[in-house]
Amino acid sequence: MKTSQGSMGRIFIIRLEDGDRMPAALEEFAQKNSVQRGMAILVGGVKDGGVIVTGPWDGNVLPVDPMLHTLAGIHEIAGVGTLAPDETGAPRLHMHAVLGREGKASAGCIRPGIEIWKLGEIVLLEITGTEARRVQDRETGFSMLEP
């Protein structure tokens, strides 16, 4: 286990609008508002055709070959994630979400991209006083959080 300690900074309430793309919308907001690290909570709706990672095809193969799932129809979403700068200093979001439609649910990482349907609500909690960042791990292919 690796850890670091920070403090609570600013708290942002963000309303995403129809057609906003995630994670790009939050990463652009963070860049514009000088938010380097944080925790984000998302609720709202997602358009048809969004793509999420639902696991690796084979957990024994490295680097990981992600299993992608394309959403069919509009879905409700609840997600939580961490924000940290990558090796270039740009804020990058790692968010996992549960997405539901007609009593069925899918869960996964939204990194490949989803588009907001009508509205999305985000609470972004800024974390200050730590140097946590994302570092590319060659073995797995993941952009890992390095506290």
# chains A, B, ... in the order shown; residues from 1 in each chain; ligands from 1
>>> closest_atom_pairs(of="stretch 5-121 of chain A", to="stretch 128-138 of chain A", cutoff="9 Å", atoms="only C-alpha atoms", output="JSON lines")
{"residue": "A:Gln5", "atom": "CA", "partner": "A:Thr130", "partner_atom": "CA", "distance": 6.2}
{"residue": "A:Gly6", "atom": "CA", "partner": "A:Gly129", "partner_atom": "CA", "distance": 4.7}
{"residue": "A:Ser7", "atom": "CA", "partner": "A:Thr128", "partner_atom": "CA", "distance": 5.1}
{"residue": "A:Met8", "atom": "CA", "partner": "A:Thr128", "partner_atom": "CA", "distance": 6.2}
{"residue": "A:Gly9", "atom": "CA", "partner": "A:Thr128", "partner_atom": "CA", "distance": 5.7}
{"residue": "A:Arg10", "atom": "CA", "partner": "A:Thr128", "partner_atom": "CA", "distance": 8.9}
{"residue": "A:Val35", "atom": "CA", "partner": "A:Thr128", "partner_atom": "CA", "distance": 8.9}
{"residue": "A:Gln36", "atom": "CA", "partner": "A:Thr128", "partner_atom": "CA", "distance": 8.3}
{"residue": "A:Arg37", "atom": "CA", "partner": "A:Thr128", "partner_atom": "CA", "distance": 6.9}
{"residue": "A:Gly38", "atom": "CA", "partner": "A:Thr128", "partner_atom": "CA", "distance": 8.1}
{"residue": "A:Pro63", "atom": "CA", "partner": "A:Arg138", "partner_atom": "CA", "distance": 7.3}
{"residue": "A:Leu83", "atom": "CA", "partner": "A:Arg133", "partner_atom": "CA", "distance": 8.6}
{"residue": "A:Ala84", "atom": "CA", "partner": "A:Arg133", "partner_atom": "CA", "distance": 5.1}
{"residue": "A:Pro85", "atom": "CA", "partner": "A:Arg133", "partner_atom": "CA", "distance": 5.0}
{"residue": "A:Asp86", "atom": "CA", "partner": "A:Arg134", "partner_atom": "CA", "distance": 4.6}
{"residue": "A:Glu87", "atom": "CA", "partner": "A:Val135", "partner_atom": "CA", "distance": 6.2}
{"residue": "A:Gly89", "atom": "CA", "partner": "A:Arg133", "partner_atom": "CA", "distance": 8.4}
{"residue": "A:Pro91", "atom": "CA", "partner": "A:Arg133", "partner_atom": "CA", "distance": 8.8}
{"residue": "A:Arg92", "atom": "CA", "partner": "A:Arg134", "partner_atom": "CA", "distance": 7.8}
>>> write_last_selection(atoms="N, CA and C atoms", output="PDB file, in the first residue's frame")
ATOM      1  N   GLN A   5      -1.018  12.136   2.381  1.00  0.00           N
ATOM      2  CA  GLN A   5      -2.078  12.861   3.059  1.00  0.00           C
ATOM      3  C   GLN A   5      -2.193  14.255   2.482  1.00  0.00           C
ATOM      4  N   GLY A   6      -3.412  14.703   2.302  1.00  0.00           N
ATOM      5  CA  GLY A   6      -3.668  16.045   1.807  1.00  0.00           C
ATOM      6  C   GLY A   6      -4.745  16.700   2.634  1.00  0.00           C
ATOM      7  N   SER A   7      -5.197  17.833   2.174  1.00  0.00           N
ATOM      8  CA  SER A   7      -6.240  18.587   2.854  1.00  0.00           C
ATOM      9  C   SER A   7      -7.334  18.940   1.859  1.00  0.00           C
ATOM     10  N   MET A   8      -8.514  19.229   2.396  1.00  0.00           N
ATOM     11  CA  MET A   8      -9.636  19.633   1.572  1.00  0.00           C
ATOM     12  C   MET A   8      -9.402  21.053   1.061  1.00  0.00           C
ATOM     13  N   GLY A   9      -9.551  21.224  -0.233  1.00  0.00           N
ATOM     14  CA  GLY A   9      -9.447  22.544  -0.839  1.00  0.00           C
ATOM     15  C   GLY A   9     -10.837  23.067  -1.155  1.00  0.00           C
ATOM     16  N   ARG A  10     -11.000  23.550  -2.359  1.00  0.00           N
ATOM     17  CA  ARG A  10     -12.293  24.079  -2.789  1.00  0.00           C
ATOM     18  C   ARG A  10     -13.276  22.949  -3.078  1.00  0.00           C
ATOM     19  N   VAL A  35      -7.324  22.910 -10.790  1.00  0.00           N
ATOM     20  CA  VAL A  35      -7.561  21.807  -9.854  1.00  0.00           C
ATOM     21  C   VAL A  35      -6.694  20.649 -10.318  1.00  0.00           C
ATOM     22  N   GLN A  36      -5.707  20.281  -9.539  1.00  0.00           N
ATOM     23  CA  GLN A  36      -4.803  19.198  -9.917  1.00  0.00           C
ATOM     24  C   GLN A  36      -5.228  17.842  -9.363  1.00  0.00           C
ATOM     25  N   ARG A  37      -5.772  17.849  -8.148  1.00  0.00           N
ATOM     26  CA  ARG A  37      -6.116  16.598  -7.480  1.00  0.00           C
ATOM     27  C   ARG A  37      -7.481  16.725  -6.840  1.00  0.00           C
ATOM     28  N   GLY A  38      -8.230  15.617  -6.829  1.00  0.00           N
ATOM     29  CA  GLY A  38      -9.540  15.692  -6.215  1.00  0.00           C
ATOM     30  C   GLY A  38     -10.288  14.385  -6.279  1.00  0.00           C
ATOM     31  N   PRO A  63       0.421  -6.516 -21.270  1.00  0.00           N
ATOM     32  CA  PRO A  63      -0.447  -5.520 -20.662  1.00  0.00           C
ATOM     33  C   PRO A  63      -1.915  -5.906 -20.839  1.00  0.00           C
ATOM     34  N   LEU A  83      -9.081  12.374  -9.309  1.00  0.00           N
ATOM     35  CA  LEU A  83      -8.473  13.268 -10.273  1.00  0.00           C
ATOM     36  C   LEU A  83      -7.036  13.506  -9.835  1.00  0.00           C
ATOM     37  N   ALA A  84      -6.083  13.316 -10.746  1.00  0.00           N
ATOM     38  CA  ALA A  84      -4.673  13.554 -10.442  1.00  0.00           C
ATOM     39  C   ALA A  84      -3.957  13.875 -11.745  1.00  0.00           C
ATOM     40  N   PRO A  85      -2.859  14.646 -11.667  1.00  0.00           N
ATOM     41  CA  PRO A  85      -2.149  14.998 -12.894  1.00  0.00           C
ATOM     42  C   PRO A  85      -1.380  13.808 -13.465  1.00  0.00           C
ATOM     43  N   ASP A  86      -1.347  13.746 -14.804  1.00  0.00           N
ATOM     44  CA  ASP A  86      -0.546  12.708 -15.454  1.00  0.00           C
ATOM     45  C   ASP A  86       0.897  13.194 -15.572  1.00  0.00           C
ATOM     46  N   GLU A  87       1.706  12.458 -16.310  1.00  0.00           N
ATOM     47  CA  GLU A  87       3.134  12.782 -16.411  1.00  0.00           C
ATOM     48  C   GLU A  87       3.406  14.111 -17.121  1.00  0.00           C
ATOM     49  N   GLY A  89       1.427  16.728 -16.483  1.00  0.00           N
ATOM     50  CA  GLY A  89       0.851  17.733 -15.585  1.00  0.00           C
ATOM     51  C   GLY A  89      -0.625  17.994 -15.823  1.00  0.00           C
ATOM     52  N   PRO A  91      -4.576  17.291 -15.598  1.00  0.00           N
ATOM     53  CA  PRO A  91      -5.435  16.515 -14.704  1.00  0.00           C
ATOM     54  C   PRO A  91      -6.153  15.399 -15.459  1.00  0.00           C
ATOM     55  N   ARG A  92      -6.122  14.196 -14.892  1.00  0.00           N
ATOM     56  CA  ARG A  92      -6.765  13.032 -15.497  1.00  0.00           C
ATOM     57  C   ARG A  92      -7.710  12.386 -14.490  1.00  0.00           C
TER      58      ARG A  92
END
>>> closest_residue(among="A:Ile41, A:Leu124, A:Leu71, A:Ala90", to="A:Lys104", atoms="only C-alpha atoms")
A:Leu71
>>> atom_distance(atom1="atom CA of A:Thr70", atom2="atom CA of A:Val98")
13.6 Å
>>> closest_residue(among="A:Val46, A:Val64, A:Ile127, A:Gly81", to="A:Arg21", atoms="only C-alpha atoms")
A:Val46
>>> closest_residue(among="A:Gly120, A:Pro112, A:Gly100, A:Pro66", to="A:Glu17", atoms="only C-alpha atoms")
A:Gly120
>>> closest_residue(among="A:Thr82, A:Gly59, A:Ala107, A:Ser34", to="A:Glu146", atoms="only C-alpha atoms")
A:Thr82
>>> residues_around(residues="A:Lys47", least_positions_apart="3", cutoff="8 Å", atoms="only C-alpha atoms", output="list in words")
Gly50, Gly73, Ile74, His75, Ile114, Glu115, Ile116 and Trp117 of chain A
>>> atom_distance(atom1="atom CA of A:Asp48", atom2="atom CA of A:Met95")
18.7 Å
>>> select_by_dssp(residues="chain A", states="strand (DSSP E or B)", output="NGL selection string")
:A and (7-17 or 21-22 or 38-46 or 51-56 or 66-70 or 75-85 or 91-101 or 104-128 or 133-136 or 143-146)
>>> atom_distance(atom1="atom CA of A:Ala24", atom2="atom CA of A:Ala97")
15.6 Å
>>> closest_residue(among="A:Gly19, A:Gly113, A:Gly49, A:Gly55", to="A:Leu93", atoms="only C-alpha atoms")
A:Gly113
>>> decode(residues="stretch 38-130 of chain A", atoms="C-alpha atoms", output="PDB file, in the first residue's frame")
ATOM      1  CA  GLY A  38      -9.540  15.692  -6.215  1.00  0.00           C
ATOM      2  CA  MET A  39     -12.439  13.337  -5.823  1.00  0.00           C
ATOM      3  CA  ALA A  40     -15.496  13.541  -8.073  1.00  0.00           C
ATOM      4  CA  ILE A  41     -19.025  12.228  -7.649  1.00  0.00           C
ATOM      5  CA  LEU A  42     -21.326  12.122 -10.699  1.00  0.00           C
ATOM      6  CA  VAL A  43     -25.069  11.488 -11.057  1.00  0.00           C
ATOM      7  CA  GLY A  44     -27.231  12.000 -14.127  1.00  0.00           C
ATOM      8  CA  GLY A  45     -28.022  10.525 -17.503  1.00  0.00           C
ATOM      9  CA  VAL A  46     -25.867   9.116 -20.314  1.00  0.00           C
ATOM     10  CA  LYS A  47     -26.678   8.962 -24.026  1.00  0.00           C
ATOM     11  CA  ASP A  48     -26.873   5.845 -26.153  1.00  0.00           C
ATOM     12  CA  GLY A  49     -23.535   4.655 -27.524  1.00  0.00           C
ATOM     13  CA  GLY A  50     -21.227   5.505 -24.605  1.00  0.00           C
ATOM     14  CA  VAL A  51     -18.332   3.123 -24.053  1.00  0.00           C
ATOM     15  CA  ILE A  52     -17.061   1.782 -20.711  1.00  0.00           C
ATOM     16  CA  VAL A  53     -14.371  -0.689 -19.686  1.00  0.00           C
ATOM     17  CA  THR A  54     -15.957  -3.706 -17.989  1.00  0.00           C
ATOM     18  CA  GLY A  55     -12.821  -5.686 -17.191  1.00  0.00           C
ATOM     19  CA  PRO A  56      -9.920  -7.405 -18.900  1.00  0.00           C
ATOM     20  CA  TRP A  57     -10.529 -10.143 -21.463  1.00  0.00           C
ATOM     21  CA  ASP A  58      -7.997 -12.310 -19.637  1.00  0.00           C
ATOM     22  CA  GLY A  59      -6.690 -11.363 -16.186  1.00  0.00           C
ATOM     23  CA  ASN A  60      -3.459 -13.288 -16.791  1.00  0.00           C
ATOM     24  CA  VAL A  61      -2.381 -11.346 -19.894  1.00  0.00           C
ATOM     25  CA  LEU A  62      -0.217  -8.209 -19.580  1.00  0.00           C
ATOM     26  CA  PRO A  63      -0.447  -5.520 -20.662  1.00  0.00           C
ATOM     27  CA  VAL A  64      -4.178  -5.673 -19.970  1.00  0.00           C
ATOM     28  CA  ASP A  65      -6.478  -5.992 -22.979  1.00  0.00           C
ATOM     29  CA  PRO A  66      -9.599  -4.096 -21.856  1.00  0.00           C
ATOM     30  CA  MET A  67     -13.082  -5.460 -22.450  1.00  0.00           C
ATOM     31  CA  LEU A  68     -15.189  -2.601 -23.838  1.00  0.00           C
ATOM     32  CA  HIS A  69     -18.965  -2.390 -23.535  1.00  0.00           C
ATOM     33  CA  THR A  70     -21.095  -0.056 -25.656  1.00  0.00           C
ATOM     34  CA  LEU A  71     -24.223   1.216 -23.921  1.00  0.00           C
ATOM     35  CA  ALA A  72     -27.479   0.605 -25.788  1.00  0.00           C
ATOM     36  CA  GLY A  73     -30.034   3.283 -24.941  1.00  0.00           C
ATOM     37  CA  ILE A  74     -30.089   6.125 -22.453  1.00  0.00           C
ATOM     38  CA  HIS A  75     -28.805   5.108 -19.000  1.00  0.00           C
ATOM     39  CA  GLU A  76     -28.879   6.545 -15.502  1.00  0.00           C
ATOM     40  CA  ILE A  77     -25.392   6.948 -13.999  1.00  0.00           C
ATOM     41  CA  ALA A  78     -23.822   7.145 -10.541  1.00  0.00           C
ATOM     42  CA  GLY A  79     -20.040   7.358 -10.468  1.00  0.00           C
ATOM     43  CA  VAL A  80     -17.101   8.193  -8.261  1.00  0.00           C
ATOM     44  CA  GLY A  81     -13.522   8.900  -9.239  1.00  0.00           C
ATOM     45  CA  THR A  82     -10.142  10.386  -8.485  1.00  0.00           C
ATOM     46  CA  LEU A  83      -8.473  13.268 -10.273  1.00  0.00           C
ATOM     47  CA  ALA A  84      -4.673  13.554 -10.442  1.00  0.00           C
ATOM     48  CA  PRO A  85      -2.149  14.998 -12.894  1.00  0.00           C
ATOM     49  CA  ASP A  86      -0.546  12.708 -15.454  1.00  0.00           C
ATOM     50  CA  GLU A  87       3.134  12.782 -16.411  1.00  0.00           C
ATOM     51  CA  THR A  88       2.560  15.945 -18.495  1.00  0.00           C
ATOM     52  CA  GLY A  89       0.851  17.733 -15.585  1.00  0.00           C
ATOM     53  CA  ALA A  90      -2.648  17.539 -17.111  1.00  0.00           C
ATOM     54  CA  PRO A  91      -5.435  16.515 -14.704  1.00  0.00           C
ATOM     55  CA  ARG A  92      -6.765  13.032 -15.497  1.00  0.00           C
ATOM     56  CA  LEU A  93      -9.956  11.481 -14.141  1.00  0.00           C
ATOM     57  CA  HIS A  94     -10.268   7.813 -13.225  1.00  0.00           C
ATOM     58  CA  MET A  95     -13.976   7.209 -12.622  1.00  0.00           C
ATOM     59  CA  HIS A  96     -15.964   4.034 -12.215  1.00  0.00           C
ATOM     60  CA  ALA A  97     -19.719   4.106 -12.524  1.00  0.00           C
ATOM     61  CA  VAL A  98     -22.841   2.041 -12.335  1.00  0.00           C
ATOM     62  CA  LEU A  99     -25.174   2.632 -15.259  1.00  0.00           C
ATOM     63  CA  GLY A 100     -28.744   1.372 -15.333  1.00  0.00           C
ATOM     64  CA  ARG A 101     -31.613   0.962 -17.765  1.00  0.00           C
ATOM     65  CA  GLU A 102     -34.835  -1.066 -17.524  1.00  0.00           C
ATOM     66  CA  GLY A 103     -33.811  -2.784 -14.294  1.00  0.00           C
ATOM     67  CA  LYS A 104     -30.462  -3.899 -15.695  1.00  0.00           C
ATOM     68  CA  ALA A 105     -27.091  -2.486 -14.671  1.00  0.00           C
ATOM     69  CA  SER A 106     -23.619  -2.248 -16.138  1.00  0.00           C
ATOM     70  CA  ALA A 107     -20.552  -1.137 -14.220  1.00  0.00           C
ATOM     71  CA  GLY A 108     -17.149  -0.044 -15.367  1.00  0.00           C
ATOM     72  CA  CYS A 109     -14.611   2.675 -16.052  1.00  0.00           C
ATOM     73  CA  ILE A 110     -15.847   5.626 -18.146  1.00  0.00           C
ATOM     74  CA  ARG A 111     -12.349   6.445 -19.519  1.00  0.00           C
ATOM     75  CA  PRO A 112     -13.205   5.519 -23.153  1.00  0.00           C
ATOM     76  CA  GLY A 113     -15.962   8.145 -23.141  1.00  0.00           C
ATOM     77  CA  ILE A 114     -19.610   8.776 -22.412  1.00  0.00           C
ATOM     78  CA  GLU A 115     -21.878  11.638 -23.421  1.00  0.00           C
ATOM     79  CA  ILE A 116     -24.297  13.294 -20.998  1.00  0.00           C
ATOM     80  CA  TRP A 117     -28.030  13.029 -21.739  1.00  0.00           C
ATOM     81  CA  LYS A 118     -29.827  16.214 -20.640  1.00  0.00           C
ATOM     82  CA  LEU A 119     -27.866  16.738 -17.406  1.00  0.00           C
ATOM     83  CA  GLY A 120     -25.141  15.451 -15.167  1.00  0.00           C
ATOM     84  CA  GLU A 121     -24.334  16.720 -11.705  1.00  0.00           C
ATOM     85  CA  ILE A 122     -20.815  16.606 -10.283  1.00  0.00           C
ATOM     86  CA  VAL A 123     -19.487  17.449  -6.860  1.00  0.00           C
ATOM     87  CA  LEU A 124     -15.727  17.935  -7.168  1.00  0.00           C
ATOM     88  CA  LEU A 125     -13.749  17.979  -3.920  1.00  0.00           C
ATOM     89  CA  GLU A 126     -10.290  19.466  -4.418  1.00  0.00           C
ATOM     90  CA  ILE A 127      -7.414  17.833  -2.506  1.00  0.00           C
ATOM     91  CA  THR A 128      -4.412  20.045  -1.707  1.00  0.00           C
ATOM     92  CA  GLY A 129      -1.082  19.512   0.019  1.00  0.00           C
ATOM     93  CA  THR A 130      -0.125  16.256  -1.704  1.00  0.00           C
TER      94      THR A 130
END
